[in-house]
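These notes are about the structure you will find just below.
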Amino acid sequence: MHSILFVGAALVGLPIILHLIMKQEPKRLPFPAFRFLKQRLKTNQRKLRLRHFLLLALRMLLIALFCLALYQPSVLNEGFIPLHGDQPAAVVVVVDTSPSMGYADGDKTRLEEACQRAIELINDLPDGSRVAVVETGDPGGDWLPSVSDARTKLTDLAKRAPKPGQSAPATGGGQSVTAALATAYQLLRTVDEQTEAADTLPRLVAVFTDRAASSWDPSRVDDLKKLRDSVPDPKPAHAVVDVGTDKPVNVAILAAEMTEGRAQTVPADQPVSVTVTLAAVGLDAKATVHALLDETKIPPREVDIPDGQTRTVAFEFKDLKPGAHQVRFELEKKDALMADNTRFFTFRVVEPRKVLAISDNPGDPARGVVGDPYFWVLAVDATREFSCDVKKPDQVAAADLGGYEAVTLLSVARPSDQLWGEIRKYVEGGGKLIVVPGGETTSLDAYNGEAATKLMPGALKRVVETAKEFPAPKDPKAKDRRAGVVWAVFAGNDDRAIQHPMLAPIKEWKAKGNVDADRNPRPVWKYWEVERRGDGAAVVVTYDTDDDPAKRHPAVLERTFLDAKDKAPKGKVLLLTTRMDMPDDKDPWNNYWDGQNSWAVAFPQLLLRYAAGAAADANFNYPTGQVVTVPLAKLLGGKRDNLVLTGPGVAGTDSIVRPTERQTELRLGPPRTNAAGNYTLTPATADGPTAPPRWQEGFSLNVPAEESTLDKVPVEGIEALTGANTVVPVGKNLELKTALDRQETFRHPVDLFPWLLIAVLLLLAVEGLLANRFYRRPK
């Protein structure tokens with residue numbers, strides 16, 4: 001085409017040559033009235049010059065237009081993307097599949113509308129175009145082999161979308177539109193490497209969304225701008241196709257939670273109260289909420305909800321058996337957005353959690369024989385959160401330990417290597433161990449030997465007796481450590497230790513200022529000096545044995561065992577340095593078992609709640625799309641059976657879970673957790689018809705409450721990234737092509753060839769007419 005332009009430029013000079021050749025000389029007329037003729041000569045010359053100039057301009061313009069027509073030009077706008085025509089393009093189609101896209105407008109949901117509009121777009125793409133389809137519910141994306149494959153994928157997505165009024169499981173928890181845009185830019189950065197086209201393809205990001213507030217994360221815009229600008233030239237153009245509704249009408253269940261924020265584990269003898277929060281948008285609603293507890297229908301509750309406000313209703317459940325219980329809350333009247341008409345909730349009614357104390361002298365409560373763990377067991381059982389069993393060392397096996405949430409090695413004088421081995425299997429499998437050494441009869445070889453060092457956070461050195469270890473203070477007003485030492489956090493000079501998770505309750509006690517365990521801490525007169533080991537060992541809290549924190553002796557140490565694969569914390573060992581068995585009046589070590597102080601119960605509970613996890617920390621309810629963690633110790637009961645996962649959309653191989661030999665918890669993530677609903681996890685095999693039911697774990701997944709916020713993101717917030725006039729509102733009866741034509745960036749190219757050809761013909765006719773008229777010889 002460039003050669004045509006050069007030739008055309010040369011031909012423009014052809015009329016000049018013809019003009020010079022065909023130039024006529026004025027005739028000489030020998031009239032007598034020479035003065036009159038000379039004046040007439042000047043007039044004729046002016047007319048000839050004007051005619052010659054006009055014809056010259058017409059002929060030059062004629063040739064120029066003819067050459068331009070051969071080039072076949074078209075009109076291009078800035079930011080132009082050839083959505084029609086012959087030039088291929090690289091197009092990334094981003095489809096918002098969030099739950100709010102299930103809003104129905106007539107007989108079609110927003111998601112179905114978005115898929116239809118996206119298909120309209122790619123149907124007009126020329127052959128050779130590259131297309132990628134990115135769903136916000138799927139974090140990945142790739143270039144599809146052909147435009148036809150992209151059309152098929154969008155058609156399948158539309159078929160999977162819930163139909164208006166359909167009570168299909170809502171899905172959610174995927175990435176936002178802004179996160180999907182990051183994926184789109186990454187794809188556009190590599191499109192040239194995956195394309196065989198000789199010329200660089202124009203790039204377009206087409207987003208189909210309802211512009212709901214939850215779909216757009218404004219905090220990511222600056223990072224997305226950098227990612228957008230990193231795309232090689234030409235920079236991508238954008239089209240954000242708005243398929244949303246300007247005035248939505250919706251009644252939603254926003255949340256279901258324990259009343260007053262109570263724990264999701266409830267003692268067996270207490271009623272359970274669950275509060276349900278509802279909201280109305282676009283109308284004043286009278287809502288009726290139904291509840292299904294396990295398989296039992298609960299009387300419904302009614303509530304009036306003013307437009308734009310929220311209201312709550314409470315459901316109370318009584319006389320529940322221990323175990324996991326699941327509730328389905330549902331609105332009686334369906335509306336345009338089915339995803340938030342239902343809410344799921346799981347809670348657990350619990351009996352005291354089983355813990356074990358291993359002791360050389362367990363006693364015989366049935367015969368009234370008091371053993372070393374007597375006070376320990378009383379303190380552990382006092383709150384009914386735990387129930388403590390007692391066994392001798394030779395009664396312990398690793399298989400038996402799996403059913404306990406924590407094990408205490410209490411004043412065992414000489415633990416055998418076999419016992420350490422059994423306990424090690426338990427800890428490495430995720431178990432929690434509390435080691436409480438005995439008195440001077442304790443074997444240092446047994447506690448510092450090779451088998452013990454694989455677990456112990458420190459080595460026992462010697463017994464320290466405060467009355468002999470510390471000198472009398474020189475200042476009578478100074479503390480006298482000979483009378484006993486307390487924890488440094490109680491002495492008020494260990495701000496670092498108070499931040500440890502195990503000591504969080506003590507921090508609360510100090511804030512209250514009226515807890516006797518803090519105001520009158522119990523002293524220790526004898527303790528084991530311990531040298532901390534490496535490899536994950538740390539000091540939790542020290543005694544106030546020195547003014548220099550670096551020289552203080554540990555009171556509690558811990559050692560955490562990490563998972564070999566993901567390095568997540570699993571097993572844990574706590575080491576106490578003072579005795580906790582039956583006090584000996586002839587050889588007192590501490591005043592911990594003083595019945596006049598709450599420390600006697602608080603300290604064992606403090607240790608066990610940190611080791612085994614507080615009941616208030618248990619969570620059975622998650623947003624869709626998140627990773628769910630399920631503990632396996634009780635579920636497996638020491639066995640390695642396969643587990644069966646049941647819930648919405650779980651089928652085939654997804655329903656079978658195969659835990660590894662040392663796996664202590666199960667982590668479930670998308671796509672298993674994409675659908676809202678109640679889920680259960682049970683052993684695949686039963687123990688027999690007469691055996692008690694095996695343990696069952698349960699959890700619930702719900703669409704995030706933000707999906708019920710149907711207010712639109714401001715256009716300015718989106719166009720700050722995508723550019724001015726890139727948000728395209730598409731009404732119900734407006735075709736996408738028509739909507740895009742209204743946007744300057746997406747107008748179709750205008751081919752100028754036929755118009756130039758018509759102009760050439762018209763100029764040719766005018767030139768011929770004028771030439772005949774100008775050069776006609778007088779008769």
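In the structure tokens, the first chain shown is A, the next is B, and so on; residue numbers restart at 1 for each chain, and ligands run from 1 in the order shown.
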
*Find the spatial neighbours of region 452-458 of chain A, counting only C-alpha atoms, within a cut-off of 12 Å - ignore same-chain residues fewer than 6 positions away - and output them as a PyMOL selection string.*
chain A and resi 409+414-428+431-437+443-446+528-540+553-561+571-577

Could you give me, as CSV, every region 462-515 of chain A residue with an atom at most 10 Å from region 581-591 of chain A, plus its closest atom pair and distance in Å to one decimal, counting only C-alpha atoms, rows ordered by chain then number?
residue,atom,partner,partner_atom,distance
A:Val464,CA,A:Trp589,CA,9.9
A:Glu465,CA,A:Trp589,CA,8.4
A:Thr466,CA,A:Trp589,CA,9.8
A:Gly484,CA,A:Asn590,CA,8.2
A:Val485,CA,A:Asn590,CA,9.3
A:Val486,CA,A:Asn590,CA,9.7

Need to verify the contact set: Lys235 (chain A), 8 Å, only C-alpha atoms, exclusion of same-chain residues closer than 6 positions in sequence. Can you return it as a JSON list (two decimals) with N, CA, C and O atoms, in the first residue's frame?
[["chain", "number", "residue", "atom", "x", "y", "z"],
["A", 202, "PRO", "N", -4.69, -6.26, 18.90],
["A", 202, "PRO", "CA", -5.30, -5.31, 19.85],
["A", 202, "PRO", "C", -5.86, -6.08, 21.05],
["A", 202, "PRO", "O", -6.25, -7.24, 20.93],
["A", 203, "ARG", "N", -5.91, -5.44, 22.20],
["A", 203, "ARG", "CA", -6.28, -6.12, 23.44],
["A", 203, "ARG", "C", -7.53, -5.48, 24.04],
["A", 203, "ARG", "O", -7.66, -4.25, 24.06],
["A", 228, "ARG", "N", -1.87, -3.24, 34.84],
["A", 228, "ARG", "CA", -2.41, -2.88, 33.52],
["A", 228, "ARG", "C", -1.33, -2.22, 32.66],
["A", 228, "ARG", "O", -1.19, -2.52, 31.47],
["A", 229, "ASP", "N", -0.58, -1.31, 33.26],
["A", 229, "ASP", "CA", 0.45, -0.60, 32.51],
["A", 229, "ASP", "C", 1.63, -1.50, 32.14],
["A", 229, "ASP", "O", 2.42, -1.14, 31.26]]

*Counting only C-alpha atoms, what is within 6 Å of region 84-101 of chain A, bar same-chain residues fewer than 4 positions away, as a list in words?*
Arg110, Leu111, Asp124, Leu125, Pro126, Gly128, Ser129, Arg130, Val131, Ala132, Val133, Val134, Glu135, Thr136, Gly137, Gly172, Leu201, Pro202, Arg203, Leu204, Val205, Ala206, Val207, Phe208, Thr209 and Glu707 of chain A

*Give the strand (DSSP E) residues of region 514-748 of chain A, as DSSP finds them on the backbone, and put them as a PyMOL selection string.*
chain A and resi 526-532+537-542+554-562+569-576+621-623+628-631+643-646+656-657+665-668+677-683+697-702+727-729

*Selection near Ala69 (chain A), 8 Å with only C-alpha atoms, sequence-local residues under 3 positions removed, as a PyMOL selection string*: chain A and resi 65-66+72-73+752-754+756-757

Would you put the residues from that selection into a file with N, CA and C atoms, as a PDB file, in the first residue's frame?
ATOM      1  N   LEU A  65      -7.292  11.695  -4.743  1.00  0.00           N
ATOM      2  CA  LEU A  65      -8.395  10.887  -4.222  1.00  0.00           C
ATOM      3  C   LEU A  65      -8.362   9.476  -4.775  1.00  0.00           C
ATOM      4  N   PHE A  66      -7.966   9.337  -6.019  1.00  0.00           N
ATOM      5  CA  PHE A  66      -7.905   8.005  -6.628  1.00  0.00           C
ATOM      6  C   PHE A  66      -6.851   7.133  -5.918  1.00  0.00           C
ATOM      7  N   GLN A  72      -7.603   2.152   0.578  1.00  0.00           N
ATOM      8  CA  GLN A  72      -8.749   1.655   1.344  1.00  0.00           C
ATOM      9  C   GLN A  72      -8.669   2.068   2.817  1.00  0.00           C
ATOM     10  N   PRO A  73      -8.657   3.348   3.118  1.00  0.00           N
ATOM     11  CA  PRO A  73      -8.549   3.778   4.519  1.00  0.00           C
ATOM     12  C   PRO A  73      -9.879   3.641   5.256  1.00  0.00           C
ATOM     13  N   LEU A 752     -13.733   4.030   4.199  1.00  0.00           N
ATOM     14  CA  LEU A 752     -13.882   5.199   3.321  1.00  0.00           C
ATOM     15  C   LEU A 752     -13.758   4.867   1.843  1.00  0.00           C
ATOM     16  N   PHE A 753     -13.435   3.645   1.433  1.00  0.00           N
ATOM     17  CA  PHE A 753     -13.212   3.316   0.028  1.00  0.00           C
ATOM     18  C   PHE A 753     -14.408   3.640  -0.871  1.00  0.00           C
ATOM     19  N   PRO A 754     -15.622   3.166  -0.532  1.00  0.00           N
ATOM     20  CA  PRO A 754     -16.737   3.480  -1.451  1.00  0.00           C
ATOM     21  C   PRO A 754     -17.013   4.972  -1.547  1.00  0.00           C
ATOM     22  N   LEU A 756     -14.790   7.425  -1.216  1.00  0.00           N
ATOM     23  CA  LEU A 756     -13.736   8.025  -2.036  1.00  0.00           C
ATOM     24  C   LEU A 756     -13.937   7.722  -3.517  1.00  0.00           C
ATOM     25  N   LEU A 757     -14.410   6.512  -3.821  1.00  0.00           N
ATOM     26  CA  LEU A 757     -14.645   6.132  -5.212  1.00  0.00           C
ATOM     27  C   LEU A 757     -15.752   6.996  -5.828  1.00  0.00           C
TER      28      LEU A 757
END

_So that I can see what lies close to Trp376 (chain A), please list as an MDAnalysis selection string the residues with an atom at most 10 Å from it, counting only C-alpha atoms and leaving out residues fewer than 5 positions away in the same chain._
chainID A and resid 357 381:382 388 408 410 580:582 593 600:601 603:604

_Among the residues A:Val231, A:Ala114, A:Leu770, A:Val272, the one that comes closest to Val243 (chain A) [using only C-alpha atoms]_ = A:Ala114

_Measuring between only C-alpha atoms, which one of A:Pro549, A:Gln605, A:Leu144, A:Lys510 shows the shortest distance to Arg496 (chain A)?_
A:Pro549

_Shell around Leu224 (chain A) at 8 Å using only C-alpha atoms, local window under 2 positions removed, as a ChimeraX atom specification_ = /A:178,181-182,220-222,226-228,721

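The space separating CA of Leu503 (chain A) from CA of Val355 (chain A) comes to 20.8 Å.
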
*Could you work out how far CA of Glu665 (chain A) lies from CA of Pro623 (chain A), giving the answer in Å with one decimal?*
19.2 Å

_Which of region 271-513 of chain A end up as alpha helix (DSSP H) when DSSP is run on this backbone - answer as a count of residues only?_
50

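Between CA of Gly595 (chain A) and CA of Pro365 (chain A) there is a distance of 20.2 Å.
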